[in-house]
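J.: The following file, protein.cif, comprises mmCIF, C-alpha atoms and all ligand atoms:
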```cif
data_upload
loop_
_atom_site.label_atom_id
_atom_site.label_comp_id
_atom_site.auth_asym_id
_atom_site.auth_seq_id
_atom_site.Cartn_x
_atom_site.Cartn_y
_atom_site.Cartn_z
CA LYS A 235 49.75 -50.61 -62.30
CA ARG A 236 50.89 -52.51 -59.23
CA VAL A 237 54.18 -54.07 -60.15
CA ILE A 238 56.80 -56.16 -58.34
CA LEU A 239 60.39 -56.60 -59.51
CA ILE A 240 62.01 -59.86 -58.44
CA GLY A 241 65.53 -60.99 -59.26
CA PRO A 242 68.82 -61.96 -57.63
CA PRO A 243 71.34 -59.38 -56.34
CA GLY A 244 72.82 -57.48 -59.28
CA SER A 245 70.10 -58.48 -61.75
CA GLY A 246 69.27 -54.82 -62.48
CA LYS A 247 66.15 -54.10 -60.40
CA GLY A 248 67.53 -50.87 -58.97
CA THR A 249 68.86 -49.81 -62.37
CA GLN A 250 65.53 -50.25 -64.16
CA SER A 251 63.04 -49.07 -61.52
CA PRO A 252 63.84 -45.32 -61.61
CA ILE A 253 63.42 -45.38 -65.40
CA ILE A 254 60.00 -47.02 -65.28
CA LYS A 255 59.00 -44.88 -62.35
CA ASP A 256 59.64 -41.67 -64.31
CA GLU A 257 57.72 -42.99 -67.26
CA TYR A 258 54.68 -44.41 -65.51
CA CYS A 259 54.59 -41.95 -62.64
CA LEU A 260 54.31 -44.64 -60.02
CA CYS A 261 55.58 -44.81 -56.52
CA HIS A 262 58.87 -46.65 -56.22
CA LEU A 263 59.59 -48.47 -52.98
CA ALA A 264 62.90 -50.31 -52.54
CA THR A 265 63.16 -52.01 -49.14
CA GLY A 266 66.97 -52.35 -49.48
CA ASP A 267 67.35 -48.57 -50.02
CA MET A 268 64.99 -47.82 -47.12
CA LEU A 269 66.87 -50.19 -44.82
CA ARG A 270 70.27 -48.75 -45.81
CA ALA A 271 68.99 -45.25 -45.06
CA ALA A 272 67.80 -46.47 -41.63
CA VAL A 273 71.17 -48.12 -40.95
CA SER A 274 73.15 -45.00 -41.80
CA ALA A 275 70.81 -42.81 -39.70
CA LYS A 276 71.16 -45.35 -36.84
CA THR A 277 67.39 -45.42 -36.24
CA PRO A 278 65.98 -48.25 -34.04
CA LEU A 279 64.94 -50.01 -37.25
CA GLY A 280 68.43 -49.61 -38.74
CA ILE A 281 70.08 -50.95 -35.59
CA LYS A 282 67.86 -54.06 -35.76
CA ALA A 283 68.46 -54.61 -39.49
CA LYS A 284 72.23 -54.00 -39.74
CA GLU A 285 73.57 -57.36 -38.60
CA ALA A 286 71.51 -59.44 -41.04
CA MET A 287 72.24 -57.04 -43.91
CA ASP A 288 75.99 -57.11 -43.31
CA LYS A 289 75.91 -60.92 -43.44
CA GLY A 290 73.79 -61.00 -46.60
CA GLU A 291 70.84 -62.56 -44.81
CA LEU A 292 67.25 -61.36 -44.92
CA VAL A 293 65.99 -59.14 -42.12
CA SER A 294 62.85 -60.32 -40.32
CA ASP A 295 59.52 -60.37 -42.16
CA ASP A 296 57.91 -58.23 -39.44
CA LEU A 297 60.41 -55.41 -39.89
CA VAL A 298 60.07 -55.12 -43.66
CA VAL A 299 56.30 -55.65 -43.69
CA GLY A 300 56.09 -52.76 -41.21
CA ILE A 301 58.15 -50.50 -43.49
CA ILE A 302 56.07 -51.33 -46.55
CA ASP A 303 52.77 -51.01 -44.73
CA GLU A 304 53.77 -47.51 -43.62
CA ALA A 305 55.16 -46.43 -47.00
CA MET A 306 52.18 -47.66 -49.00
CA LYS A 307 49.92 -45.23 -47.14
CA LYS A 308 51.50 -42.34 -49.07
CA PRO A 309 48.99 -40.76 -51.48
CA SER A 310 51.46 -41.22 -54.37
CA CYS A 311 51.28 -44.99 -53.83
CA GLN A 312 47.50 -45.31 -53.97
CA LYS A 313 47.14 -45.61 -57.75
CA GLY A 314 50.08 -47.87 -58.42
CA PHE A 315 53.59 -48.79 -57.35
CA ILE A 316 56.83 -50.52 -58.21
CA LEU A 317 58.23 -52.68 -55.44
CA ASP A 318 61.95 -53.47 -55.69
CA GLY A 319 63.20 -56.04 -53.16
CA PHE A 320 59.82 -56.82 -51.61
CA PRO A 321 58.25 -59.35 -51.15
CA ARG A 322 61.23 -61.67 -50.72
CA THR A 323 59.57 -64.49 -48.78
CA VAL A 324 56.21 -66.20 -49.25
CA VAL A 325 55.16 -64.84 -45.84
CA GLN A 326 55.83 -61.28 -47.11
CA ALA A 327 53.93 -61.99 -50.35
CA LYS A 328 50.88 -63.19 -48.43
CA LYS A 329 51.00 -60.13 -46.16
CA LEU A 330 51.16 -57.86 -49.20
CA ASP A 331 48.20 -59.62 -50.81
CA GLU A 332 46.26 -59.14 -47.56
CA MET A 333 47.13 -55.43 -47.43
CA LEU A 334 46.02 -54.95 -51.03
CA ALA A 335 42.87 -57.03 -50.61
CA ASN A 336 41.87 -54.68 -47.77
CA GLN A 337 42.01 -51.85 -50.31
CA GLY A 338 40.16 -53.88 -52.94
CA THR A 339 43.23 -54.21 -55.18
CA LYS A 340 45.89 -56.78 -56.08
CA VAL A 341 49.29 -57.23 -57.69
CA ASP A 342 48.98 -56.79 -61.47
CA MET A 343 52.38 -57.96 -62.62
CA VAL A 344 55.57 -59.56 -61.34
CA LEU A 345 58.65 -59.00 -63.49
CA ASN A 346 61.09 -61.85 -62.98
CA PHE A 347 64.64 -60.63 -63.75
CA ALA A 348 66.07 -63.93 -64.95
CA ILE A 349 69.86 -64.15 -65.10
CA ASP A 350 72.61 -66.69 -64.54
CA ASP A 351 74.34 -66.56 -61.12
CA THR A 352 77.80 -66.55 -62.73
CA VAL A 353 77.36 -63.03 -64.17
CA LEU A 354 76.47 -61.44 -60.85
CA GLU A 355 79.81 -61.21 -59.05
CA GLU A 356 81.26 -58.86 -61.65
CA ARG A 357 78.13 -56.70 -61.56
CA ILE A 358 78.10 -56.52 -57.76
CA THR A 359 81.80 -55.86 -57.14
CA GLY A 360 81.90 -53.10 -59.79
CA ARG A 361 78.84 -51.25 -58.52
CA TRP A 362 79.04 -47.64 -57.26
CA ILE A 363 76.04 -45.79 -55.85
CA HIS A 364 74.96 -42.24 -55.11
CA PRO A 365 73.20 -42.91 -51.80
CA SER A 366 70.86 -39.90 -51.63
CA SER A 367 69.38 -40.32 -55.12
CA GLY A 368 69.76 -44.09 -55.48
CA ARG A 369 71.54 -43.63 -58.84
CA THR A 370 73.64 -46.65 -59.68
CA TYR A 371 76.84 -46.88 -61.71
CA HIS A 372 79.24 -49.66 -62.68
CA SER A 373 82.98 -49.17 -63.14
CA LYS A 374 82.87 -51.15 -66.40
CA PHE A 375 79.25 -51.34 -67.63
CA ALA A 376 77.92 -47.89 -66.66
CA PRO A 377 80.84 -45.67 -65.59
CA PRO A 378 80.21 -42.16 -64.25
CA LYS A 379 81.65 -39.27 -66.30
CA VAL A 380 84.24 -38.66 -63.60
CA PRO A 381 85.35 -41.76 -61.63
CA GLY A 382 83.90 -41.82 -58.10
CA VAL A 383 81.63 -38.81 -58.68
CA ASP A 384 77.85 -38.61 -59.31
CA ASP A 385 77.05 -37.22 -62.81
CA VAL A 386 74.17 -35.04 -61.61
CA THR A 387 75.22 -33.61 -58.24
CA GLY A 388 79.01 -33.96 -58.36
CA GLU A 389 78.83 -35.65 -54.96
CA PRO A 390 81.04 -38.66 -54.12
CA LEU A 391 79.90 -42.20 -54.95
CA THR A 392 80.16 -45.03 -52.44
CA GLN A 393 80.20 -48.82 -52.49
CA ARG A 394 77.78 -50.96 -50.51
CA LYS A 395 79.18 -52.82 -47.54
CA ASP A 396 77.49 -56.05 -48.69
CA ASP A 397 78.91 -55.85 -52.22
CA THR A 398 81.77 -58.29 -51.69
CA ALA A 399 82.16 -61.70 -53.33
CA ALA A 400 81.83 -63.42 -49.93
CA VAL A 401 78.61 -61.66 -48.86
CA LEU A 402 77.18 -62.08 -52.37
CA LYS A 403 77.33 -65.86 -51.79
CA SER A 404 74.95 -65.62 -48.81
CA ARG A 405 72.70 -63.15 -50.64
CA LEU A 406 72.40 -65.58 -53.56
CA GLU A 407 71.72 -68.44 -51.20
CA ALA A 408 68.94 -66.42 -49.54
CA PHE A 409 67.55 -65.60 -52.98
CA HIS A 410 67.36 -69.21 -54.11
CA ARG A 411 66.05 -70.56 -50.83
CA GLN A 412 63.62 -67.83 -49.75
CA THR A 413 62.76 -65.66 -52.77
CA GLN A 414 62.52 -68.14 -55.64
CA PRO A 415 59.39 -69.66 -54.00
CA VAL A 416 57.81 -66.19 -54.23
CA ILE A 417 58.11 -66.39 -58.03
CA ALA A 418 56.34 -69.75 -57.96
CA TYR A 419 53.66 -68.28 -55.68
CA TYR A 420 52.87 -65.51 -58.19
CA ALA A 421 53.26 -67.83 -61.21
CA GLN A 422 50.30 -69.81 -59.85
CA LYS A 423 48.30 -66.60 -60.02
CA GLY A 424 49.38 -66.09 -63.65
CA VAL A 425 50.97 -62.66 -63.18
CA VAL A 426 54.67 -63.42 -63.78
CA LYS A 427 56.55 -62.12 -66.84
CA ASN A 428 60.15 -63.10 -67.49
CA ILE A 429 62.72 -60.45 -68.36
CA SER A 430 66.10 -61.44 -69.90
CA ALA A 431 68.18 -59.54 -67.39
CA GLU A 432 71.57 -60.52 -68.82
CA LYS A 433 71.09 -58.23 -71.84
CA PRO A 434 72.58 -54.69 -71.96
CA PRO A 435 70.67 -52.15 -69.80
CA GLN A 436 68.80 -50.42 -72.67
CA GLU A 437 67.56 -53.74 -74.01
CA VAL A 438 66.37 -54.73 -70.57
CA THR A 439 64.54 -51.40 -70.36
CA SER A 440 62.71 -52.08 -73.65
CA GLU A 441 61.69 -55.54 -72.46
CA VAL A 442 60.38 -54.09 -69.22
CA GLN A 443 58.46 -51.37 -71.08
CA LYS A 444 56.97 -53.95 -73.42
CA ALA A 445 55.85 -56.09 -70.49
CA LEU A 446 54.33 -53.10 -68.70
CA SER A 447 52.35 -51.94 -71.71
CA SER A 448 50.94 -55.41 -72.43
P1 LIG A 501 68.67 -55.00 -51.76
O1 LIG A 501 69.14 -53.62 -51.68
O2 LIG A 501 67.29 -55.26 -52.27
O3 LIG A 501 69.76 -55.83 -52.55
P2 LIG A 501 69.65 -57.09 -53.57
O4 LIG A 501 68.35 -57.75 -53.70
O5 LIG A 501 70.78 -57.95 -53.18
O6 LIG A 501 69.74 -56.47 -54.94
P3 LIG A 501 70.81 -55.47 -55.49
O7 LIG A 501 70.46 -54.09 -55.08
O8 LIG A 501 72.18 -55.96 -55.17
O9 LIG A 501 70.59 -55.73 -57.04
P4 LIG A 501 69.84 -54.90 -58.17
O10 LIG A 501 69.03 -55.92 -58.92
O11 LIG A 501 69.10 -53.71 -57.65
O12 LIG A 501 71.07 -54.47 -59.06
P5 LIG A 501 71.46 -53.06 -59.71
O13 LIG A 501 70.37 -52.60 -60.61
O14 LIG A 501 71.93 -52.11 -58.66
O15 LIG A 501 68.74 -55.68 -50.31
C1 LIG A 501 69.87 -55.56 -49.48
C2 LIG A 501 69.63 -56.26 -48.14
O16 LIG A 501 68.53 -55.65 -47.45
C3 LIG A 501 69.25 -57.75 -48.23
O17 LIG A 501 70.39 -58.57 -48.34
C4 LIG A 501 68.50 -57.94 -46.91
O18 LIG A 501 69.39 -58.07 -45.82
C5 LIG A 501 67.76 -56.62 -46.75
N1 LIG A 501 66.40 -56.64 -47.34
C6 LIG A 501 65.94 -55.84 -48.35
N2 LIG A 501 64.65 -56.12 -48.64
C7 LIG A 501 64.29 -57.13 -47.80
C8 LIG A 501 63.08 -57.87 -47.63
N3 LIG A 501 61.98 -57.64 -48.39
N4 LIG A 501 63.06 -58.84 -46.68
C9 LIG A 501 64.14 -59.09 -45.90
N5 LIG A 501 65.31 -58.43 -46.01
C10 LIG A 501 65.39 -57.46 -46.96
O19 LIG A 501 72.69 -53.52 -60.62
C11 LIG A 501 73.90 -54.01 -60.06
C12 LIG A 501 75.11 -53.51 -60.86
O20 LIG A 501 75.05 -54.00 -62.20
C13 LIG A 501 75.15 -51.96 -60.99
O21 LIG A 501 76.48 -51.55 -60.90
C14 LIG A 501 74.58 -51.69 -62.40
O22 LIG A 501 75.15 -50.52 -62.96
C15 LIG A 501 75.00 -52.94 -63.16
N6 LIG A 501 73.98 -53.33 -64.15
C16 LIG A 501 72.61 -53.27 -64.01
N7 LIG A 501 71.99 -53.74 -65.12
C17 LIG A 501 72.99 -54.11 -65.98
C18 LIG A 501 72.99 -54.70 -67.29
N8 LIG A 501 71.82 -54.98 -67.93
N9 LIG A 501 74.18 -54.97 -67.87
C19 LIG A 501 75.36 -54.70 -67.21
N10 LIG A 501 75.43 -54.13 -65.98
C20 LIG A 501 74.25 -53.86 -65.36
ZN ZN A 502 68.91 -52.84 -55.72
#
```
As structure tokens, what does this structure read like?
Ligand code: AP5
Ligand code: ZN

T.:
Amino acid sequence: KRVILIGPPGSGKGTQSPIIKDEYCLCHLATGDMLRAAVSAKTPLGIKAKEAMDKGELVSDDLVVGIIDEAMKKPSCQKGFILDGFPRTVVQAKKLDEMLANQGTKVDMVLNFAIDDTVLEERITGRWIHPSSGRTYHSKFAPPKVPGVDDVTGEPLTQRKDDTAAVLKSRLEAFHRQTQPVIAYYAQKGVVKNISAEKPPQEVTSEVQKALSS
């Protein structure tokens, strides 16, 4: 299946996608993770993206479309994929549709992680990540076995630079202004399914699995 996850910052996209990826054996592409890796490696792409990311604004459509175009060429992405964090503007959605149309395919399903804005600050400010694997923890909702340490590798966890209450405000603004129209764009095509993202993680996982198997 070709699946897109859309939802505001902290809605659980990054928490759910590795689980569905393992189960459905799809390729998982998260533009935020790819951009953060580029920023920390100080590649030309990372240098261009850093300022917008630090402010909680979207990076340019051209940059992210370029990343996705390149990544989708991987053989593991030919039969299906999960996109987390892309497309985030209608321009990006149209580019993606064009790319897929060239291969004779299309987006099968868009999972809309619906959640109230008021819940998100606590989720975002309590988040801890293991950068190399993308594993995500939360100091209250999903604590690691040892505080500050990844369960699997024992390596240190870090916090994202944009995970502050102030930057969250701009990220939410960008979501409502630029990304919500993407949901409407796919709703017109009849491929959107709503997920109640405010439920506990395991319940969200079951909803996602149910949607994917329908
Ligand atoms: P990106 O990395 O995509 O960030 P985001 O969209 O703001 O989303 P998050 O990663 O914050 O949320 P999530 O839904 O993955 O939450 P998670 O599962 O971790 O993008 C970052 C930046 O990159 C953007 O601001 C932009 O600058 C740039 N960018 C990226 N893509 C772009 C694009 N296409 N175009 C332009 N610019 C782009 O969960 C959060 C926390 O909550 C965790 O601690 C988790 O443990 C906890 N949690 C998860 N689920 C639950 C639950 N059900 N109950 C309780 N706690 C939960
Ligand atoms: Zn994420």

J.: Any idea what the distance is between atom CA of Gly319 of chain A and atom CA of Pro278 of chain A?

T.: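 Separating atom CA of Gly319 of chain A from atom CA of Pro278 of chain A is a distance of 20.8 Å.
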
J.: Please identify all protein, DNA and RNA residues within 9 Å of ligand ZN 502 (chain A), counting all atoms listed in the file, and report them as a PyMOL selection string.

T.: chain A and resi 243-249+264-267+318-319+368+370

J.: Between A:Asn346, A:Thr387, A:Ser310, A:Gln414, which is the closest to Val438 of chain A once you count all atoms listed in the file?

T.: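 Residue with the minimum atom-to-atom distance to Val438 of chain A: A:Asn346.
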
J.: Between atom CA of Ser447 of chain A and atom CA of His372 of chain A, measure the distance and give it in Å to one decimal.

T.: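 That distance, rounded to one decimal, is 28.5 Å.
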
J.: Find the residue from A:Thr413, A:Thr359, A:Ser367, A:Ser448 that sits nearest to Asp342 of chain A; use all atoms listed in the file when measuring.

T.: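 So, comparing all the options, the nearest one is A:Ser448.
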
J.: Quick one: everything within 10 Å of segment 383-385 of chain A, counting all atoms listed in the file, minus sequence neighbours fewer than 5 positions away in the same chain. Send it as a PyMOL selection string.

T.: chain A and resi 362-365+367+369-371+377-378+390-392

J.: Between A:Asn336, A:Ser274, A:Gln312, A:Ser404, which one has atoms that come closest to ligand LIG 501 (chain A), using only C-alpha atoms and all ligand atoms?

T.: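 Checking each of A:Asn336, A:Ser274, A:Gln312, A:Ser404 against ligand LIG 501 (chain A), counting only C-alpha atoms and all ligand atoms, the winner is A:Ser404.
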
J.: Write out as a ChimeraX atom specification the residues lying within 10 Å of Ser373 of chain A, counting all atoms listed in the file and excluding same-chain residues fewer than 6 positions away.

T.: /A:356-357,359-362,381-382

J.: Nearest to Arg270 of chain A: which of A:Asp396, A:Glu291, A:Asp256, A:Glu355 is it, counting all atoms listed in the file?

T.: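 Smallest separation from Arg270 of chain A among the options: A:Asp396.
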
J.: Determine, counting all atoms listed in the file, which protein, DNA and RNA residues have an atom within 12 Å of an atom of Met287 of chain A; residues of the same chain fewer than 5 positions away are not included. Present the result as a list in words.

T.: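 Returned residues: Thr265, Gly266, Asp267, Leu269, Arg270, Ala272, Val273, Gly280, Ile281, Lys282, Leu292, Val293, Ser294, Arg394, Lys395, Asp396, Asp397, Val401, Leu402, Ser404, Arg405 and Ala408 of chain A.
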
J.: Store the residues picked out above in a file with C-alpha atoms, as a PDB file, in the frame of the given file.

T.:
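Listed below is the output, result32.pdb:
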```
ATOM      1  CA  THR A 265      63.160 -52.010 -49.140  1.00  0.00           C
ATOM      2  CA  GLY A 266      66.970 -52.350 -49.480  1.00  0.00           C
ATOM      3  CA  ASP A 267      67.350 -48.570 -50.020  1.00  0.00           C
ATOM      4  CA  LEU A 269      66.870 -50.190 -44.820  1.00  0.00           C
ATOM      5  CA  ARG A 270      70.270 -48.750 -45.810  1.00  0.00           C
ATOM      6  CA  ALA A 272      67.800 -46.470 -41.630  1.00  0.00           C
ATOM      7  CA  VAL A 273      71.170 -48.120 -40.950  1.00  0.00           C
ATOM      8  CA  GLY A 280      68.430 -49.610 -38.740  1.00  0.00           C
ATOM      9  CA  ILE A 281      70.080 -50.950 -35.590  1.00  0.00           C
ATOM     10  CA  LYS A 282      67.860 -54.060 -35.760  1.00  0.00           C
ATOM     11  CA  LEU A 292      67.250 -61.360 -44.920  1.00  0.00           C
ATOM     12  CA  VAL A 293      65.990 -59.140 -42.120  1.00  0.00           C
ATOM     13  CA  SER A 294      62.850 -60.320 -40.320  1.00  0.00           C
ATOM     14  CA  ARG A 394      77.780 -50.960 -50.510  1.00  0.00           C
ATOM     15  CA  LYS A 395      79.180 -52.820 -47.540  1.00  0.00           C
ATOM     16  CA  ASP A 396      77.490 -56.050 -48.690  1.00  0.00           C
ATOM     17  CA  ASP A 397      78.910 -55.850 -52.220  1.00  0.00           C
ATOM     18  CA  VAL A 401      78.610 -61.660 -48.860  1.00  0.00           C
ATOM     19  CA  LEU A 402      77.180 -62.080 -52.370  1.00  0.00           C
ATOM     20  CA  SER A 404      74.950 -65.620 -48.810  1.00  0.00           C
ATOM     21  CA  ARG A 405      72.700 -63.150 -50.640  1.00  0.00           C
ATOM     22  CA  ALA A 408      68.940 -66.420 -49.540  1.00  0.00           C
TER      23      ALA A 408
END
```

J.: So which one's closest to ligand LIG 501 (chain A), A:Glu257, A:Glu432, A:Asp351, A:Glu441? Using only C-alpha atoms and all ligand atoms, please.

T.: A:Glu432
